[in-house]
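Here is query39.cif, consisting of mmCIF, C-alpha atoms:
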data_protein
loop_
_atom_site.label_atom_id
_atom_site.label_comp_id
_atom_site.auth_asym_id
_atom_site.auth_seq_id
_atom_site.Cartn_x
_atom_site.Cartn_y
_atom_site.Cartn_z
CA MET Y 84 72.33 118.76 120.24
CA GLU Y 85 74.54 117.09 117.66
CA GLY Y 86 77.87 115.69 118.76
CA GLY Y 87 78.14 117.94 121.81
CA MET Y 88 78.07 121.14 119.74
CA LYS Y 89 76.78 123.64 122.25
CA GLY Y 90 75.24 126.80 120.94
CA ILE Y 91 72.88 129.57 121.86
CA TYR Y 92 70.83 131.67 119.45
CA ILE Y 93 70.37 135.39 120.09
CA GLY Y 94 67.24 136.68 118.38
CA SER Y 95 64.88 139.61 118.76
CA THR Y 96 61.29 140.68 118.21
CA SER Y 97 62.33 143.38 115.72
CA GLY Y 98 65.42 144.85 114.06
CA TYR Y 99 67.66 147.23 116.02
CA SER Y 100 66.73 145.83 119.43
CA GLY Y 101 70.23 145.32 120.78
CA LYS Y 102 71.20 141.85 119.48
CA ASN Y 103 74.81 142.87 118.83
CA MET Y 104 75.08 144.32 122.31
CA LEU Y 105 73.69 141.10 123.79
CA VAL Y 106 75.96 138.90 121.67
CA MET Y 107 79.06 140.87 122.65
CA GLY Y 108 77.98 141.19 126.28
CA ILE Y 109 77.43 137.43 126.66
CA GLY Y 110 80.48 136.57 124.55
CA MET Y 111 82.88 138.82 126.45
CA ARG Y 112 81.55 137.68 129.81
CA LEU Y 113 81.94 133.97 128.92
CA GLN Y 114 85.43 134.61 127.52
CA ARG Y 115 86.31 136.33 130.78
CA ASP Y 116 85.01 133.25 132.62
CA GLY Y 117 87.46 131.13 130.64
CA TYR Y 118 85.26 129.60 127.92
CA GLU Y 119 86.24 129.19 124.27
CA ILE Y 120 83.58 131.00 122.28
CA GLY Y 121 82.61 130.69 118.62
CA TYR Y 122 80.50 133.29 116.77
CA PHE Y 123 78.23 132.65 113.80
CA LYS Y 124 75.68 134.83 111.99
CA PRO Y 125 73.89 132.57 109.47
CA VAL Y 126 71.90 135.35 107.78
CA GLY Y 127 73.04 138.93 107.24
CA ALA Y 128 71.39 141.92 105.60
CA MET Y 129 74.36 144.31 105.39
CA PRO Y 130 76.52 143.10 102.49
CA LYS Y 131 80.19 143.99 102.68
CA GLU Y 132 82.94 142.85 100.34
CA VAL Y 133 86.20 141.64 101.88
CA ASP Y 134 88.94 140.37 99.54
CA GLY Y 135 86.40 139.63 96.81
CA LYS Y 136 84.09 137.74 99.18
CA ILE Y 137 80.68 138.98 100.28
CA GLY Y 138 80.11 138.90 104.03
CA ASP Y 139 77.93 140.80 106.49
CA ASP Y 140 79.24 144.11 107.82
CA ASP Y 141 77.83 143.66 111.33
CA ALA Y 142 79.06 140.08 111.60
CA ILE Y 143 82.60 141.00 110.55
CA PHE Y 144 82.63 143.81 113.14
CA VAL Y 145 81.24 141.69 116.00
CA GLN Y 146 83.54 138.76 115.24
CA GLY Y 147 86.52 141.13 115.41
CA MET Y 148 85.38 142.43 118.80
CA LEU Y 149 85.19 138.82 120.04
CA GLY Y 150 88.65 138.04 118.65
CA GLN Y 151 87.40 135.60 115.99
CA HIS Y 152 88.77 135.21 112.45
CA ALA Y 153 86.35 133.09 110.39
CA ASP Y 154 86.18 133.65 106.64
CA PRO Y 155 83.29 136.11 105.92
CA VAL Y 156 81.51 133.53 103.73
CA LEU Y 157 81.78 130.84 106.41
CA LEU Y 158 80.68 133.36 109.05
CA THR Y 159 77.55 134.46 107.13
CA PRO Y 160 76.50 131.93 104.46
CA VAL Y 161 73.30 133.79 103.56
CA VAL Y 162 73.79 137.47 102.74
CA VAL Y 163 70.63 139.22 101.59
CA THR Y 164 71.61 141.17 98.46
CA GLN Y 165 69.18 142.36 95.80
CA ASP Y 166 70.33 139.43 93.68
CA PHE Y 167 69.60 136.99 96.50
CA LYS Y 168 66.07 138.39 96.95
CA VAL Y 169 65.26 138.06 93.26
CA LYS Y 170 66.31 134.40 93.35
CA ALA Y 171 64.52 133.75 96.63
CA PHE Y 172 61.20 135.21 95.51
CA SER Y 173 61.48 133.15 92.32
CA GLY Y 174 61.62 130.07 94.52
CA HIS Y 175 65.36 129.33 94.52
CA CYS Y 176 66.17 128.71 98.17
CA GLU Y 177 67.43 125.16 98.04
CA GLY Y 178 70.32 124.01 100.15
CA LEU Y 179 70.54 127.13 102.33
CA MET Y 180 69.79 125.34 105.59
CA ASP Y 181 72.29 122.59 104.75
CA THR Y 182 75.00 125.22 104.28
CA ILE Y 183 73.99 126.93 107.54
CA LYS Y 184 74.27 123.61 109.41
CA ALA Y 185 77.63 122.75 107.84
CA ASN Y 186 79.09 126.20 108.60
CA TYR Y 187 77.76 126.07 112.16
CA ALA Y 188 79.50 122.72 112.66
CA ALA Y 189 82.76 124.09 111.23
CA ILE Y 190 82.72 127.19 113.44
CA SER Y 191 81.72 125.17 116.54
CA ALA Y 192 84.65 122.75 116.23
CA GLY Y 193 86.76 122.87 119.39
CA LYS Y 194 84.60 125.54 121.05
CA ASP Y 195 82.81 125.32 124.40
CA LEU Y 196 79.92 127.29 122.96
CA THR Y 197 78.95 129.04 119.74
CA ILE Y 198 76.85 132.19 119.85
CA VAL Y 199 74.54 132.29 116.83
CA ALA Y 200 73.31 135.79 116.02
CA GLY Y 201 69.94 136.49 114.43
CA SER Y 202 69.13 139.03 111.75
CA GLY Y 203 66.08 141.30 111.97
CA SER Y 204 63.18 139.70 113.85
CA MET Y 205 62.56 135.99 114.52
CA TYR Y 206 60.51 135.75 111.32
CA SER Y 207 62.77 137.78 109.02
CA GLY Y 208 63.87 135.49 106.18
CA LYS Y 209 60.71 133.33 106.35
CA TYR Y 210 60.30 133.80 102.58
CA CYS Y 211 63.40 131.69 102.15
CA GLY Y 212 63.15 129.32 105.10
CA VAL Y 213 66.08 130.89 106.95
CA ASP Y 214 64.13 132.78 109.64
CA GLY Y 215 65.23 132.63 113.28
CA VAL Y 216 62.52 130.18 114.34
CA THR Y 217 63.57 127.69 111.63
CA VAL Y 218 67.29 128.12 112.35
CA VAL Y 219 66.77 127.50 116.08
CA LYS Y 220 64.73 124.34 115.41
CA GLU Y 221 67.12 123.02 112.75
CA LEU Y 222 70.24 123.61 114.88
CA GLY Y 223 68.42 122.41 117.97
CA ILE Y 224 69.89 125.12 120.19
CA PRO Y 225 68.26 127.24 122.91
CA ALA Y 226 67.26 130.80 122.01
CA VAL Y 227 67.46 134.01 124.01
CA ILE Y 228 65.19 136.72 122.63
CA ILE Y 229 65.81 140.41 123.21
CA ASP Y 230 62.85 142.77 123.18
CA ARG Y 231 63.44 146.49 123.17
CA PHE Y 232 60.96 148.82 124.79
CA GLN Y 233 59.50 151.07 122.07
CA LYS Y 234 56.18 152.58 123.17
CA GLU Y 235 55.61 149.21 124.85
CA LEU Y 236 57.07 145.72 125.12
CA ASN Y 237 56.09 142.98 122.65
CA TYR Y 238 54.73 140.69 125.36
CA ASP Y 239 52.21 138.98 123.02
CA TYR Y 240 54.94 138.20 120.51
CA LEU Y 241 57.09 136.70 123.29
CA VAL Y 242 54.31 134.37 124.45
CA VAL Y 243 53.65 133.24 120.87
CA LEU Y 244 57.38 132.57 120.41
CA ARG Y 245 57.36 130.43 123.56
CA GLU Y 246 54.49 128.37 122.10
CA THR Y 247 56.35 128.11 118.78
CA LEU Y 248 59.77 127.22 120.16
CA GLY Y 249 58.70 125.29 123.26
CA GLU Y 250 61.64 124.19 125.41
CA LEU Y 251 64.10 125.76 122.96
CA MET Y 252 63.11 129.22 124.21
CA ALA Y 253 65.61 129.76 127.01
CA GLY Y 254 64.31 133.18 127.98
CA VAL Y 255 64.04 136.83 127.14
CA VAL Y 256 65.97 140.01 127.83
CA LEU Y 257 63.95 143.22 128.11
CA ASN Y 258 66.06 146.10 126.84
CA ASP Y 259 66.03 149.90 127.08
CA ILE Y 260 63.63 150.13 130.02
CA ALA Y 261 63.12 153.76 131.03
CA PRO Y 262 63.26 154.61 134.77
CA ASN Y 263 59.49 155.30 134.91
CA MET Y 264 58.78 151.82 133.45
CA VAL Y 265 60.95 149.77 135.81
CA ASP Y 266 58.16 149.18 138.36
CA GLU Y 267 55.57 148.17 135.77
CA VAL Y 268 58.02 145.76 134.15
CA GLY Y 269 58.96 144.24 137.52
CA ASN Y 270 55.47 144.03 139.03
CA LEU Y 271 53.28 143.31 136.01
CA ILE Y 272 55.05 142.29 132.84
CA LYS Y 273 57.76 140.02 134.21
CA PRO Y 274 55.31 137.95 136.37
CA PHE Y 275 52.90 137.75 133.41
CA LEU Y 276 55.63 136.45 131.09
CA GLU Y 277 56.90 133.93 133.64
CA ARG Y 278 53.36 132.60 134.26
CA ASN Y 279 53.29 131.95 130.52
CA GLY Y 280 56.53 130.02 130.59
CA VAL Y 281 58.74 132.88 129.36
CA LYS Y 282 61.77 133.19 131.66
CA VAL Y 283 62.98 136.79 132.02
CA LEU Y 284 66.78 136.55 132.05
CA GLY Y 285 67.42 140.23 132.50
CA VAL Y 286 65.99 143.74 132.44
CA ILE Y 287 68.42 146.24 130.91
CA PRO Y 288 67.82 149.84 132.01
CA ARG Y 289 67.84 152.63 129.44
CA ASP Y 290 71.29 154.12 129.15
CA PRO Y 291 71.59 157.48 127.36
CA VAL Y 292 75.15 156.65 126.24
CA MET Y 293 73.84 153.76 124.15
CA GLY Y 294 71.68 155.99 121.98
CA ALA Y 295 74.10 158.90 121.70
CA ILE Y 296 75.97 160.04 118.60
CA LYS Y 297 78.79 162.51 117.98
CA VAL Y 298 78.00 165.80 116.21
CA SER Y 299 80.49 164.97 113.43
CA ASP Y 300 78.81 161.56 112.79
CA LEU Y 301 75.44 163.26 112.84
CA ALA Y 302 76.49 165.76 110.17
CA ASP Y 303 77.71 162.86 107.98
CA ARG Y 304 74.51 160.88 108.43
CA LEU Y 305 72.31 163.88 107.65
CA GLY Y 306 74.38 164.77 104.62
CA GLY Y 307 74.96 168.21 106.11
CA LYS Y 308 78.04 170.23 106.87
CA ILE Y 309 79.39 171.79 110.02
CA ILE Y 310 79.88 175.51 109.45
CA SER Y 311 81.13 176.67 112.87
CA ALA Y 312 82.83 175.54 116.10
CA HIS Y 313 84.49 172.66 114.21
CA THR Y 314 86.72 171.86 117.20
CA LYS Y 315 83.65 170.76 119.18
CA ALA Y 316 82.45 168.22 116.61
CA ASP Y 317 82.92 165.39 119.10
CA ARG Y 318 80.18 166.67 121.40
CA ILE Y 319 77.50 164.08 122.12
CA VAL Y 320 73.85 164.30 121.07
CA GLU Y 321 71.35 162.07 122.91
CA SER Y 322 68.07 163.26 121.44
CA PHE Y 323 66.59 166.06 119.38
CA LEU Y 324 63.98 168.79 119.57
CA ILE Y 325 62.23 170.57 116.74
CA GLY Y 326 62.26 174.33 117.12
CA THR Y 327 59.24 175.17 114.97
CA MET Y 328 57.06 176.30 117.86
CA GLN Y 329 56.77 179.65 119.63
CA VAL Y 330 59.86 180.56 121.59
CA GLU Y 331 58.06 180.29 125.00
CA ASN Y 332 56.80 176.75 124.29
CA PHE Y 333 60.18 175.82 122.90
CA LEU Y 334 61.88 176.92 126.12
CA THR Y 335 59.69 174.66 128.26
CA HIS Y 336 60.68 171.59 126.23
CA PHE Y 337 64.29 172.63 125.90
CA ARG Y 338 64.82 172.84 129.68
CA LYS Y 339 63.83 169.17 130.01
CA ASN Y 340 66.14 167.93 127.24
CA LYS Y 341 69.60 169.22 127.87
CA ASN Y 342 71.52 166.99 125.43
CA ALA Y 343 69.15 167.48 122.54
CA ALA Y 344 70.27 168.74 119.15
CA ILE Y 345 67.90 171.49 118.01
CA ILE Y 346 66.47 171.12 114.50
CA VAL Y 347 65.22 174.47 113.27
CA GLY Y 348 64.65 176.35 110.04
CA GLY Y 349 67.66 178.39 108.94
CA ASP Y 350 65.48 181.52 109.05
CA ARG Y 351 64.35 181.16 112.70
CA SER Y 352 67.09 183.20 114.38
CA ASP Y 353 64.92 183.73 117.50
CA VAL Y 354 64.86 180.00 118.32
CA GLN Y 355 68.49 179.57 117.19
CA LEU Y 356 69.63 182.20 119.69
CA VAL Y 357 67.63 180.70 122.58
CA ALA Y 358 69.06 177.24 121.80
CA LEU Y 359 72.63 178.56 121.68
CA GLU Y 360 72.30 180.54 124.92
CA GLY Y 361 70.81 177.41 126.53
CA GLU Y 362 73.96 175.52 125.47
CA CYS Y 363 72.46 172.79 123.32
CA PRO Y 364 75.11 170.34 121.97
CA CYS Y 365 74.49 171.46 118.38
CA LEU Y 366 72.13 173.29 116.05
CA VAL Y 367 70.82 171.66 112.89
CA LEU Y 368 69.60 174.30 110.42
CA THR Y 369 67.28 173.05 107.69
CA GLY Y 370 66.37 174.22 104.20
CA ASN Y 371 69.99 174.89 103.25
CA LEU Y 372 69.76 178.33 104.85
CA TYR Y 373 72.84 179.81 106.51
CA PRO Y 374 72.39 181.65 109.82
CA ASN Y 375 73.02 185.37 110.21
CA ASP Y 376 76.29 186.76 111.56
CA ILE Y 377 75.04 187.20 115.13
CA ILE Y 378 74.19 183.47 115.32
CA LEU Y 379 77.51 182.46 113.76
CA THR Y 380 79.47 184.62 116.17
CA ARG Y 381 77.57 183.32 119.20
CA SER Y 382 78.09 179.73 118.07
CA GLU Y 383 81.86 180.30 117.83
CA VAL Y 384 82.03 182.05 121.21
CA LEU Y 385 79.90 179.40 122.95
CA GLU Y 386 81.65 176.62 120.98
CA ILE Y 387 78.41 175.06 119.76
CA PRO Y 388 78.65 173.52 116.28
CA VAL Y 389 76.07 174.47 113.65
CA ILE Y 390 75.16 171.93 110.95
CA VAL Y 391 73.46 173.12 107.78
CA VAL Y 392 71.35 170.54 105.91
CA ARG Y 393 69.48 170.69 102.65
CA GLU Y 394 66.19 169.02 103.62
CA ASP Y 395 63.16 170.49 105.36
CA THR Y 396 62.67 170.24 109.13
CA TYR Y 397 60.22 167.35 108.99
CA SER Y 398 62.44 165.14 106.81
CA VAL Y 399 65.46 165.87 108.98
CA ALA Y 400 63.49 164.98 112.13
CA LYS Y 401 62.43 161.63 110.59
CA LYS Y 402 66.04 160.91 109.66
CA MET Y 403 67.24 161.92 113.10
CA GLU Y 404 64.83 159.52 114.76
CA ASN Y 405 66.21 156.66 112.68
CA ILE Y 406 69.81 157.63 113.33
CA LEU Y 407 69.42 157.77 117.11
CA GLN Y 408 67.46 154.53 117.12
CA ARG Y 409 69.82 152.66 114.86
CA HIS Y 410 73.11 154.23 115.74
CA LYS Y 411 75.36 151.21 115.46
CA LEU Y 412 77.44 150.04 118.36
CA ARG Y 413 80.61 151.16 116.63
CA ASP Y 414 82.20 153.16 119.39
CA ILE Y 415 84.36 151.15 121.71
CA ILE Y 416 83.08 153.09 124.74
CA LYS Y 417 79.57 152.01 123.87
CA ILE Y 418 80.60 148.40 123.47
CA GLN Y 419 82.26 148.38 126.86
CA GLN Y 420 79.27 150.15 128.37
CA GLY Y 421 76.89 147.71 126.66
CA ALA Y 422 78.87 144.64 127.70
CA GLN Y 423 78.90 145.98 131.26
CA LEU Y 424 75.13 146.56 131.21
CA ILE Y 425 74.59 142.97 130.04
CA SER Y 426 77.07 141.55 132.50
CA SER Y 427 75.50 143.22 135.52
CA ASN Y 428 71.84 142.68 134.53
CA LEU Y 429 71.73 139.14 133.19
CA ASP Y 430 71.14 135.87 135.06
CA PHE Y 431 74.37 134.17 133.95
CA GLU Y 432 74.04 131.21 136.31
CA TYR Y 433 70.75 130.25 134.70
CA LEU Y 434 72.17 130.86 131.22
CA GLU Y 435 75.20 128.64 131.82
CA LYS Y 436 72.86 125.89 133.03
CA VAL Y 437 70.66 126.23 129.93
CA MET Y 438 73.70 126.16 127.66
CA GLY Y 439 75.03 123.11 129.48
CA LEU Y 440 78.43 124.69 130.08
CA PRO Y 441 80.79 122.93 132.46
CA LYS Y 442 81.50 124.98 135.57
CA LYS Y 443 84.82 126.86 135.39
CA PHE Y 444 86.44 127.78 138.64
#
Would you mind writing the file out in structure tokens?
Amino acid sequence: MEGGMKGIYIGSTSGYSGKNMLVMGIGMRLQRDGYEIGYFKPVGAMPKEVDGKIGDDDAIFVQGMLGQHADPVLLTPVVVTQDFKVKAFSGHCEGLMDTIKANYAAISAGKDLTIVAGSGSMYSGKYCGVDGVTVVKELGIPAVIIDRFQKELNYDYLVVLRETLGELMAGVVLNDIAPNMVDEVGNLIKPFLERNGVKVLGVIPRDPVMGAIKVSDLADRLGGKIISAHTKADRIVESFLIGTMQVENFLTHFRKNKNAAIIVGGDRSDVQLVALEGECPCLVLTGNLYPNDIILTRSEVLEIPVIVVREDTYSVAKKMENILQRHKLRDIIKIQQGAQLISSNLDFEYLEKVMGLPKKF
């Protein structure tokens, strides 16, 4: 590592895996332990203009949470705008890595450690030579990779990354592990990864709070409007169910998913009524159809908001899936919860050794 600049790269196997949560969790914990932390996100894909300068929305948010104040352009030298892509695909990518290195040095000055945040997966940005693998090798800093459980873990990808990065791969964090998967991860996957030289630094259990969203935010994201029980718009939705089936079948599913928003056609008052009586957090009515008066009255009495959206049930369900998967860590409660999850489930002693941090007592 150049001139004692200590850094650690936080990358992931795919977008929306929990990198921000990991960055903030590690950052806040190290700050609490008395270290001076820097934060740097070399590549960003969410352009945001601040005082005439283009930075990355996520980076600006995370830096604020960590109490940092770097200029947005210093913080994220490569922001992927449409303009940038056009240039990149035409072969104009020169000097990007030099800028990344210079900015990293500037941000690292006087810090015990700089946390470098990835964007997308470890190969995102390969078309321009600014992918995670290249950044890690060029900066010569250890990498921690987060892998989120979605259908399964990306264990093959993790082993390939270990071969690619060699000693620079400090370890992995397995995120969002459902209760029924904990044994398999502990008894099969973790030993397999470690036999292949991939150190498992932590296993983060699934936490419903992390994927939840408020009814009011949901209405905004779906481009719908709340037509009743407005005072309860801060109720929390953790998942969703589609009410297109027969009422009996619907009931069976509904009993298992208490905090699920129910997406149902505006004309299906039978399912709407069952959902309301079962106290779902909110009803999402599709096809721009307003409910009948009985439904409206019940929703007011039971204080369950009804959202009316224009699109059909299938489109809304697709959108909903994306929203709950990608719901950004914007709420402070979630950040504290996330930082706590990281703090209590990560091997910090090992991490501090890897990062070469002096012991603070």
Task: Which of Y:Leu334, Y:Gly370, Y:Gly249, Y:Asp317 sits closest to Ile387 (chain Y) [using only C-alpha atoms] - done: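 Selected residue with least distance to Ile387 (chain Y): Y:Asp317.
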Open item on the list: I'd like the residues picked by the PyMOL selection byres ((chain Y and resi 204) around 7) written out as a list in words, using the chain letters and numbers from the file.
Closed with: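 Selected by the PyMOL selection byres ((chain Y and resi 204) around 7) in this file: Gly94, Ser95, Thr96, Ser97, Gly98, Ser202, Gly203, Met205, Tyr206 and Ser207 of chain Y.
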Using the file's own x, y and z axes, what box holds all listed atoms of region 150-169 of chain Y with 4 Å on each side, keeping edges along x, y and z, and what are its centre and edge lengths in Å to one decimal, as lines of an AutoDock Vina configuration file?
center_x = 77.0
center_y = 136.6
center_z = 106.0
size_x = 31.5
size_y = 19.5
size_z = 33.4
Per-residue nearest contacts region 280-340 of chain Y to region 218-234 of chain Y, cut-off 12 Å, using all atoms listed in the file, as a Markdown table:
| residue | atom | partner | partner_atom | distance |
| --- | --- | --- | --- | --- |
| Y:Val281 | CA | Y:Ile228 | CA | 10.1 |
| Y:Lys282 | CA | Y:Val227 | CA | 9.6 |
| Y:Val283 | CA | Y:Val227 | CA | 9.6 |
| Y:Leu284 | CA | Y:Val227 | CA | 8.5 |
| Y:Gly285 | CA | Y:Ile229 | CA | 9.4 |
| Y:Val286 | CA | Y:Ile229 | CA | 9.8 |
| Y:Ile287 | CA | Y:Arg231 | CA | 9.2 |
| Y:Pro288 | CA | Y:Phe232 | CA | 10.0 |
| Y:Arg289 | CA | Y:Phe232 | CA | 9.1 |
Could the residues in this selection be saved with C-alpha atoms as a short mmCIF file (atom, residue, chain, number, x, y, z; two decimals), keeping the file's coordinate frame?
data_model
loop_
_atom_site.label_atom_id
_atom_site.label_comp_id
_atom_site.auth_asym_id
_atom_site.auth_seq_id
_atom_site.Cartn_x
_atom_site.Cartn_y
_atom_site.Cartn_z
CA VAL Y 281 58.74 132.88 129.36
CA LYS Y 282 61.77 133.19 131.66
CA VAL Y 283 62.98 136.79 132.02
CA LEU Y 284 66.78 136.55 132.05
CA GLY Y 285 67.42 140.23 132.50
CA VAL Y 286 65.99 143.74 132.44
CA ILE Y 287 68.42 146.24 130.91
CA PRO Y 288 67.82 149.84 132.01
CA ARG Y 289 67.84 152.63 129.44
#
Task: Ground truth for the PyMOL selection byres ((chain Y and resi 165-171) around 10), written as an NGL selection string - done: :Y and (130 or 161-164 or 172-177 or 208 or 210-212)
- [ ] Determine the residue set returned by the PyMOL selection byres ((chain Y and resi 194) around 9) for the present structure, and present it as number ranges by chain.
- [x] Y: 88-89, 118-121, 190-193, 195-197
Open item on the list: What does the structure give for the distance between CA of Ile272 (chain Y) and CA of Arg245 (chain Y), in Å to one decimal?
Closed with: 15.2 Å
Open item on the list: Neighbouring residues of region 415-418 of chain Y were defined as those with any atom within 12 Å, considering only C-alpha atoms; residues of the same chain fewer than 6 positions away were excluded. Please report them as an NGL selection string.
Closed with: :Y and (101 or 103-111 or 144-145 or 148-149 or 290-296 or 424-426)
Open item on the list: Can you tell me which residues surround region 276-278 of chain Y at a distance of at most 12 Å, considering all atoms listed in the file, apart from same-chain residues fewer than 2 positions away, and format the answer as a VMD selection string?
Closed with: chain Y and resid 236 to 245 253 to 257 268 to 274 280 to 284
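In terms of minimum interatomic distance to Lys131 (chain Y), Y:Ile143 ranks closest within Y:Ile143, Y:Ile346, Y:Ile93, Y:Ile198, counting all atoms listed in the file.
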- [ ] Quick one: pull the distance between CA of Ala200 (chain Y) and CA of Arg304 (chain Y), Å, one decimal.
- [x] 26.2 Å
